[in-house]
$ cat run.pdb   # PDB, C-alpha atoms, pLDDT in the B column
ATOM      1  CA  MET A   1       3.687 236.240 389.039  1.00 80.00           C
ATOM      2  CA  LEU A   2       7.072 234.939 390.245  1.00 89.00           C
ATOM      3  CA  LYS A   3       7.290 232.363 387.464  1.00 90.00           C
ATOM      4  CA  GLU A   4       6.927 235.125 384.856  1.00 91.00           C
ATOM      5  CA  ILE A   5       9.776 237.117 386.403  1.00 91.00           C
ATOM      6  CA  PHE A   6      12.190 234.360 387.386  1.00 91.00           C
ATOM      7  CA  THR A   7      12.566 232.454 384.150  1.00 93.00           C
ATOM      8  CA  PRO A   8      15.510 230.031 383.974  1.00 95.00           C
ATOM      9  CA  ALA A   9      17.577 232.638 382.081  1.00 94.00           C
ATOM     10  CA  LYS A  10      17.300 234.924 385.113  1.00 94.00           C
ATOM     11  CA  ILE A  11      18.475 232.335 387.626  1.00 96.00           C
ATOM     12  CA  LEU A  12      22.175 232.163 388.490  1.00 95.00           C
ATOM     13  CA  ILE A  13      22.770 228.764 390.022  1.00 95.00           C
ATOM     14  CA  ASN A  14      26.445 229.221 390.991  1.00 92.00           C
ATOM     15  CA  LEU A  15      27.019 232.796 392.093  1.00 94.00           C
ATOM     16  CA  GLU A  16      30.779 233.310 392.352  1.00 94.00           C
ATOM     17  CA  SER A  17      30.809 236.503 394.429  1.00 93.00           C
ATOM     18  CA  THR A  18      31.276 236.273 398.178  1.00 92.00           C
ATOM     19  CA  GLU A  19      30.763 239.985 399.014  1.00 94.00           C
ATOM     20  CA  LYS A  20      27.476 241.873 398.729  1.00 93.00           C
ATOM     21  CA  ASP A  21      28.576 244.568 396.247  1.00 93.00           C
ATOM     22  CA  GLU A  22      30.261 241.995 394.022  1.00 95.00           C
ATOM     23  CA  ALA A  23      27.121 239.857 394.143  1.00 95.00           C
ATOM     24  CA  PHE A  24      24.975 242.856 393.154  1.00 96.00           C
ATOM     25  CA  ALA A  25      27.248 243.493 390.161  1.00 95.00           C
ATOM     26  CA  GLU A  26      27.192 239.826 389.103  1.00 96.00           C
ATOM     27  CA  ILE A  27      23.398 239.601 389.371  1.00 96.00           C
ATOM     28  CA  LEU A  28      22.955 242.909 387.532  1.00 95.00           C
ATOM     29  CA  GLU A  29      25.083 241.586 384.657  1.00 94.00           C
ATOM     30  CA  ASN A  30      22.639 238.710 384.316  1.00 91.00           C
ATOM     31  CA  MET A  31      19.661 241.098 384.322  1.00 92.00           C
ATOM     32  CA  ILE A  32      21.286 243.448 381.795  1.00 92.00           C
ATOM     33  CA  SER A  33      22.093 240.578 379.415  1.00 89.00           C
ATOM     34  CA  SER A  34      18.347 240.080 378.887  1.00 83.00           C
ATOM     35  CA  GLN A  35      17.329 243.722 379.432  1.00 87.00           C
ATOM     36  CA  PRO A  36      20.077 245.919 377.921  1.00 91.00           C
ATOM     37  CA  GLN A  37      18.134 249.140 378.560  1.00 92.00           C
ATOM     38  CA  ILE A  38      18.935 248.849 382.288  1.00 93.00           C
ATOM     39  CA  ASN A  39      21.545 251.425 383.221  1.00 95.00           C
ATOM     40  CA  ARG A  40      24.171 249.498 385.203  1.00 94.00           C
ATOM     41  CA  SER A  41      25.485 252.394 387.298  1.00 95.00           C
ATOM     42  CA  GLU A  42      22.007 253.773 388.002  1.00 96.00           C
ATOM     43  CA  ALA A  43      20.796 250.346 389.146  1.00 96.00           C
ATOM     44  CA  MET A  44      23.898 249.729 391.274  1.00 96.00           C
ATOM     45  CA  ASP A  45      23.642 253.168 392.905  1.00 96.00           C
ATOM     46  CA  ALA A  46      19.949 252.629 393.654  1.00 95.00           C
ATOM     47  CA  LEU A  47      20.604 249.185 395.165  1.00 95.00           C
ATOM     48  CA  GLU A  48      23.447 250.494 397.335  1.00 94.00           C
ATOM     49  CA  GLU A  49      21.378 253.470 398.500  1.00 94.00           C
ATOM     50  CA  ARG A  50      18.464 251.195 399.434  1.00 92.00           C
ATOM     51  CA  GLU A  51      20.829 248.836 401.231  1.00 92.00           C
ATOM     52  CA  SER A  52      22.379 251.711 403.216  1.00 92.00           C
ATOM     53  CA  LYS A  53      18.976 252.350 404.835  1.00 92.00           C
ATOM     54  CA  MET A  54      18.585 248.776 406.080  1.00 89.00           C
ATOM     55  CA  SER A  55      19.965 245.414 405.057  1.00 88.00           C
ATOM     56  CA  THR A  56      17.731 243.395 402.774  1.00 89.00           C
ATOM     57  CA  GLY A  57      19.231 240.204 404.237  1.00 90.00           C
ATOM     58  CA  ILE A  58      15.927 239.640 406.004  1.00 84.00           C
ATOM     59  CA  LEU A  59      15.612 235.901 406.616  1.00 90.00           C
ATOM     60  CA  PRO A  60      18.166 233.239 407.488  1.00 91.00           C
ATOM     61  CA  GLY A  61      20.173 232.649 404.313  1.00 94.00           C
ATOM     62  CA  ILE A  62      17.936 234.873 402.166  1.00 95.00           C
ATOM     63  CA  ALA A  63      18.229 238.450 400.876  1.00 95.00           C
ATOM     64  CA  VAL A  64      15.730 240.430 398.835  1.00 95.00           C
ATOM     65  CA  PRO A  65      17.433 243.542 397.456  1.00 95.00           C
ATOM     66  CA  HIS A  66      14.873 245.704 395.681  1.00 93.00           C
ATOM     67  CA  THR A  67      14.756 249.282 394.480  1.00 92.00           C
ATOM     68  CA  LEU A  68      13.289 251.724 392.010  1.00 91.00           C
ATOM     69  CA  CYS A  69      15.289 252.218 388.829  1.00 92.00           C
ATOM     70  CA  LYS A  70      14.336 254.706 386.101  1.00 92.00           C
ATOM     71  CA  SER A  71      15.870 252.682 383.266  1.00 93.00           C
ATOM     72  CA  VAL A  72      13.666 249.663 384.037  1.00 91.00           C
ATOM     73  CA  LYS A  73      10.340 249.239 382.281  1.00 88.00           C
ATOM     74  CA  GLY A  74       7.844 247.523 384.567  1.00 87.00           C
ATOM     75  CA  LEU A  75       9.844 245.245 386.805  1.00 88.00           C
ATOM     76  CA  GLU A  76      12.818 242.988 386.417  1.00 91.00           C
ATOM     77  CA  GLY A  77      14.088 240.276 388.687  1.00 93.00           C
ATOM     78  CA  ALA A  78      16.809 237.687 389.056  1.00 96.00           C
ATOM     79  CA  ILE A  79      17.698 234.954 391.523  1.00 96.00           C
ATOM     80  CA  ALA A  80      21.226 234.045 392.511  1.00 97.00           C
ATOM     81  CA  ILE A  81      22.281 231.055 394.552  1.00 97.00           C
ATOM     82  CA  SER A  82      25.595 230.859 396.364  1.00 96.00           C
ATOM     83  CA  LYS A  83      26.610 227.517 397.834  1.00 93.00           C
ATOM     84  CA  GLU A  84      29.529 229.209 399.665  1.00 93.00           C
ATOM     85  CA  GLY A  85      27.477 232.092 400.952  1.00 95.00           C
ATOM     86  CA  ILE A  86      27.733 235.869 400.678  1.00 95.00           C
ATOM     87  CA  ASP A  87      28.972 238.148 403.427  1.00 93.00           C
ATOM     88  CA  TYR A  88      25.861 240.308 403.266  1.00 92.00           C
ATOM     89  CA  ASP A  89      25.632 242.208 406.559  1.00 87.00           C
ATOM     90  CA  SER A  90      22.282 240.502 407.017  1.00 87.00           C
ATOM     91  CA  LEU A  91      20.071 241.168 410.006  1.00 83.00           C
ATOM     92  CA  ASP A  92      21.060 237.847 411.605  1.00 88.00           C
ATOM     93  CA  LYS A  93      24.772 238.427 410.724  1.00 88.00           C
ATOM     94  CA  LYS A  94      24.914 235.073 408.892  1.00 91.00           C
ATOM     95  CA  LEU A  95      25.872 234.344 405.298  1.00 95.00           C
ATOM     96  CA  VAL A  96      23.228 234.681 402.574  1.00 96.00           C
ATOM     97  CA  HIS A  97      22.817 231.838 400.084  1.00 97.00           C
ATOM     98  CA  ILE A  98      19.783 232.914 398.018  1.00 97.00           C
ATOM     99  CA  VAL A  99      19.327 236.422 396.617  1.00 97.00           C
ATOM    100  CA  PHE A 100      16.067 237.584 395.034  1.00 96.00           C
ATOM    101  CA  MET A 101      16.815 240.890 393.290  1.00 96.00           C
ATOM    102  CA  PHE A 102      14.114 243.196 391.942  1.00 93.00           C
ATOM    103  CA  LEU A 103      14.291 246.472 390.048  1.00 94.00           C
ATOM    104  CA  PHE A 104      11.043 248.407 389.666  1.00 91.00           C
ATOM    105  CA  GLU A 105      10.082 251.245 387.371  1.00 90.00           C
ATOM    106  CA  PRO A 106       9.035 254.296 389.406  1.00 90.00           C
ATOM    107  CA  GLY A 107       5.244 254.328 389.598  1.00 85.00           C
ATOM    108  CA  GLU A 108       4.913 250.525 389.684  1.00 78.00           C
ATOM    109  CA  THR A 109       4.039 250.518 393.384  1.00 78.00           C
ATOM    110  CA  GLU A 110       1.105 248.117 393.033  1.00 83.00           C
ATOM    111  CA  LYS A 111       3.172 245.495 391.174  1.00 82.00           C
ATOM    112  CA  HIS A 112       6.025 246.016 393.647  1.00 81.00           C
ATOM    113  CA  LEU A 113       3.782 245.358 396.644  1.00 86.00           C
ATOM    114  CA  LYS A 114       2.041 242.384 395.031  1.00 88.00           C
ATOM    115  CA  LEU A 115       5.340 240.774 394.136  1.00 87.00           C
ATOM    116  CA  MET A 116       6.853 241.335 397.580  1.00 88.00           C
ATOM    117  CA  LYS A 117       3.721 239.928 399.248  1.00 90.00           C
ATOM    118  CA  GLU A 118       3.788 236.804 397.083  1.00 90.00           C
ATOM    119  CA  LEU A 119       7.484 236.239 397.687  1.00 92.00           C
ATOM    120  CA  ALA A 120       7.038 236.773 401.435  1.00 91.00           C
ATOM    121  CA  SER A 121       4.282 234.152 401.480  1.00 92.00           C
ATOM    122  CA  ILE A 122       6.493 231.591 399.750  1.00 93.00           C
ATOM    123  CA  LEU A 123       9.466 232.397 401.977  1.00 93.00           C
ATOM    124  CA  GLN A 124       7.341 231.565 405.031  1.00 90.00           C
ATOM    125  CA  ASN A 125       7.381 227.924 403.959  1.00 91.00           C
ATOM    126  CA  PRO A 126      10.443 226.359 405.631  1.00 87.00           C
ATOM    127  CA  ASP A 127      10.709 223.792 402.826  1.00 94.00           C
ATOM    128  CA  PHE A 128      11.261 226.480 400.182  1.00 95.00           C
ATOM    129  CA  TYR A 129      14.832 227.333 401.183  1.00 95.00           C
ATOM    130  CA  THR A 130      15.830 223.658 401.361  1.00 95.00           C
ATOM    131  CA  GLU A 131      14.193 222.909 398.021  1.00 96.00           C
ATOM    132  CA  ILE A 132      15.899 225.812 396.230  1.00 96.00           C
ATOM    133  CA  MET A 133      19.308 225.007 397.729  1.00 96.00           C
ATOM    134  CA  SER A 134      19.019 221.374 396.628  1.00 96.00           C
ATOM    135  CA  GLN A 135      18.581 222.292 392.963  1.00 96.00           C
ATOM    136  CA  THR A 136      21.524 221.942 390.585  1.00 95.00           C
ATOM    137  CA  THR A 137      20.093 223.670 387.511  1.00 97.00           C
ATOM    138  CA  ALA A 138      18.296 226.924 386.774  1.00 96.00           C
ATOM    139  CA  GLN A 139      15.429 224.866 385.346  1.00 97.00           C
ATOM    140  CA  GLY A 140      15.167 222.946 388.632  1.00 97.00           C
ATOM    141  CA  VAL A 141      14.978 226.207 390.608  1.00 97.00           C
ATOM    142  CA  TYR A 142      12.349 227.536 388.202  1.00 97.00           C
ATOM    143  CA  GLU A 143      10.225 224.393 388.540  1.00 96.00           C
ATOM    144  CA  ALA A 144      10.472 224.573 392.342  1.00 96.00           C
ATOM    145  CA  ILE A 145       9.300 228.189 392.290  1.00 95.00           C
ATOM    146  CA  CYS A 146       6.381 227.191 390.056  1.00 93.00           C
ATOM    147  CA  ARG A 147       5.362 224.413 392.486  1.00 93.00           C
ATOM    148  CA  PHE A 148       5.507 226.663 395.538  1.00 93.00           C
ATOM    149  CA  GLU A 149       3.660 229.434 393.707  1.00 90.00           C
ATOM    150  CA  GLN A 150       0.957 226.990 392.600  1.00 88.00           C
ATOM    151  CA  ASN A 151       0.529 225.829 396.208  1.00 83.00           C
ATOM    152  CA  LEU A 152      -0.066 229.460 397.211  1.00 77.00           C
ATOM    153  CA  ASP A 153      -2.827 229.690 394.628  1.00 64.00           C
ATOM    154  CA  LEU A 154      -4.512 226.650 396.186  1.00 59.00           C
ATOM    155  CA  ILE A 155      -4.691 228.217 399.647  1.00 49.00           C
TER     156      ILE A 155
END
$ encode --input "run.pdb" --output "structure tokens"
Amino acid sequence: MLKEIFTPAKILINLESTEKDEAFAEILENMISSQPQINRSEAMDALEERESKMSTGILPGIAVPHTLCKSVKGLEGAIAISKEGIDYDSLDKKLVHIVFMFLFEPGETEKHLKLMKELASILQNPDFYTEIMSQTTAQGVYEAICRFEQNLDLI
């Protein structure tokens, strides 16, 4: 499922933003370029509201902002990688280097839960973070995700 969502076109390899809100805006621009029906301000407001409840910077170096968004059909996702790191107000108070962003259409609860479960399973593998951070192209990140996802299917 992840490989269908995170195609190379939806992977930002050199995120420029160093602050959370700026990063959200930069990642949203990438999503909107391939899905122009997404309402930028609606998506940004929904992400910020979700983030105000609890930080989605949930693992060392990793954040998973996700929210419902009425202008999205089904679900959309993007990955952003920051070599410098993002001041994210993460739970561990450290910089975030990989952001997995998801926007879900209201009513897509089953897909939302399935996707989050699959991502959580991959994130449990300590090699995943290292592998993603070592990639220098969006295609390399995509291929790494495919390998880790395939290994999940074998378990």
$ closest_residue --input "run.pdb" --among "A:Ala43, A:Cys69, A:Leu113, A:Val141" --to "Ile13 of chain A" --atoms "all atoms listed in the file"
A:Val141
$ resolve_selection --input "run.pdb" --expression "the PyMOL selection byres ((chain A and resi 94) around 12)" --output "PyMOL selection string"
chain A and resi 57-63+84-93+95-97
$ closest_residue --input "run.pdb" --among "A:Glu76, A:Asp21, A:Glu4, A:Glu110" --to "Gln35 of chain A" --atoms "all atoms listed in the file"
A:Glu76
$ atom_distance --input "run.pdb" --atom1 "atom CA of Ala144 of chain A" --atom2 "atom CA of Thr130 of chain A"
10.5 Å
$ residues_around --input "run.pdb" --residues "Glu143 of chain A" --least-positions-apart "6" --cutoff "10 Å" --atoms "only C-alpha atoms" --output "VMD selection string"
chain A and resid 3 7 to 8 132 135 137 149
$ residues_around --input "run.pdb" --residues "Met31 of chain A" --least-positions-apart "3" --cutoff "7 Å" --atoms "all atoms listed in the file" --output "PDB file with C-alpha atoms, in the coordinates of the input"
ATOM      1  CA  LYS A  10      17.300 234.924 385.113  1.00 94.00           C
ATOM      2  CA  ILE A  27      23.398 239.601 389.371  1.00 96.00           C
ATOM      3  CA  LEU A  28      22.955 242.909 387.532  1.00 95.00           C
ATOM      4  CA  SER A  34      18.347 240.080 378.887  1.00 83.00           C
ATOM      5  CA  GLN A  35      17.329 243.722 379.432  1.00 87.00           C
ATOM      6  CA  ALA A  78      16.809 237.687 389.056  1.00 96.00           C
TER       7      ALA A  78
END
$ atom_distance --input "run.pdb" --atom1 "atom CA of Val72 of chain A" --atom2 "atom CA of Ile32 of chain A"
10.1 Å
$ closest_residue --input "run.pdb" --among "A:Ala9, A:Ile145, A:Ile98, A:Gln150" --to "Thr56 of chain A" --atoms "only C-alpha atoms"
A:Ile98
$ closest_residue --input "run.pdb" --among "A:Thr136, A:Asn39, A:Glu51, A:Leu75" --to "Lys114 of chain A" --atoms "all atoms listed in the file"
A:Leu75
$ axis_aligned_box --input "run.pdb" --around "segment 59-72 of chain A" --padding-each-side "4 Å" --output "AutoDock Vina command-line options"
--center_x 16.7 --center_y 243.7 --center_z 395.4 --size_x 14.9 --size_y 30.1 --size_z 32.2
$ closest_residue --input "run.pdb" --among "A:Ser41, A:Thr67, A:Asn14, A:Asn30" --to "Gly107 of chain A" --atoms "all atoms listed in the file"
A:Thr67
$ atom_distance --input "run.pdb" --atom1 "atom CA of Met1 of chain A" --atom2 "atom CA of Ile81 of chain A"
20.1 Å
$ residues_around --input "run.pdb" --residues "Lys73 of chain A" --least-positions-apart "3" --cutoff "9 Å" --atoms "all atoms listed in the file" --output "list of chain:residue names"
A:Gln37, A:Ile38, A:Cys69, A:Lys70, A:Glu76, A:Phe104, A:Glu105, A:Pro106
$ closest_residue --input "run.pdb" --among "A:Val99, A:Cys146, A:Ile122, A:Ala25" --to "Lys83 of chain A" --atoms "only C-alpha atoms"
A:Val99
$ resolve_selection --input "run.pdb" --expression "the PyMOL selection byres ((chain A and resi 121) around 12)" --output "PyMOL selection string"
chain A and resi 2+114-120+122-126+128+148-153+155
$ decode --input "run.pdb" --residues "segment 125-138 of chain A" --atoms "N, CA and C atoms" --output "PDB file, in the first residue's frame"
ATOM      1  N   ASN A 125      11.411  -1.241  12.329  1.00  0.00           N
ATOM      2  CA  ASN A 125      12.691  -1.786  11.881  1.00  0.00           C
ATOM      3  C   ASN A 125      13.748  -0.681  11.990  1.00  0.00           C
ATOM      4  N   PRO A 126      14.743  -0.863  12.867  1.00  0.00           N
ATOM      5  CA  PRO A 126      15.747   0.188  13.060  1.00  0.00           C
ATOM      6  C   PRO A 126      16.566   0.499  11.801  1.00  0.00           C
ATOM      7  N   ASP A 127      16.615  -0.419  10.864  1.00  0.00           N
ATOM      8  CA  ASP A 127      17.366  -0.197   9.631  1.00  0.00           C
ATOM      9  C   ASP A 127      16.641   0.742   8.670  1.00  0.00           C
ATOM     10  N   PHE A 128      15.333   0.882   8.832  1.00  0.00           N
ATOM     11  CA  PHE A 128      14.546   1.691   7.896  1.00  0.00           C
ATOM     12  C   PHE A 128      15.007   3.150   7.882  1.00  0.00           C
ATOM     13  N   TYR A 129      15.107   3.741   9.045  1.00  0.00           N
ATOM     14  CA  TYR A 129      15.519   5.150   9.147  1.00  0.00           C
ATOM     15  C   TYR A 129      16.884   5.357   8.483  1.00  0.00           C
ATOM     16  N   THR A 130      17.836   4.512   8.813  1.00  0.00           N
ATOM     17  CA  THR A 130      19.187   4.617   8.254  1.00  0.00           C
ATOM     18  C   THR A 130      19.168   4.477   6.740  1.00  0.00           C
ATOM     19  N   GLU A 131      18.393   3.513   6.263  1.00  0.00           N
ATOM     20  CA  GLU A 131      18.299   3.268   4.821  1.00  0.00           C
ATOM     21  C   GLU A 131      17.705   4.472   4.089  1.00  0.00           C
ATOM     22  N   ILE A 132      16.625   5.028   4.616  1.00  0.00           N
ATOM     23  CA  ILE A 132      15.986   6.181   3.979  1.00  0.00           C
ATOM     24  C   ILE A 132      16.931   7.382   3.990  1.00  0.00           C
ATOM     25  N   MET A 133      17.577   7.629   5.117  1.00  0.00           N
ATOM     26  CA  MET A 133      18.473   8.787   5.220  1.00  0.00           C
ATOM     27  C   MET A 133      19.707   8.654   4.325  1.00  0.00           C
ATOM     28  N   SER A 134      20.060   7.447   3.942  1.00  0.00           N
ATOM     29  CA  SER A 134      21.244   7.261   3.101  1.00  0.00           C
ATOM     30  C   SER A 134      20.940   7.467   1.610  1.00  0.00           C
ATOM     31  N   GLN A 135      19.673   7.557   1.270  1.00  0.00           N
ATOM     32  CA  GLN A 135      19.302   7.693  -0.141  1.00  0.00           C
ATOM     33  C   GLN A 135      19.538   9.118  -0.632  1.00  0.00           C
ATOM     34  N   THR A 136      19.914   9.235  -1.903  1.00  0.00           N
ATOM     35  CA  THR A 136      20.185  10.554  -2.480  1.00  0.00           C
ATOM     36  C   THR A 136      19.203  10.938  -3.575  1.00  0.00           C
ATOM     37  N   THR A 137      18.292  10.023  -3.912  1.00  0.00           N
ATOM     38  CA  THR A 137      17.284  10.316  -4.932  1.00  0.00           C
ATOM     39  C   THR A 137      15.908   9.854  -4.452  1.00  0.00           C
ATOM     40  N   ALA A 138      14.882  10.449  -5.023  1.00  0.00           N
ATOM     41  CA  ALA A 138      13.512  10.030  -4.707  1.00  0.00           C
ATOM     42  C   ALA A 138      13.304   8.579  -5.129  1.00  0.00           C
TER      43      ALA A 138
END
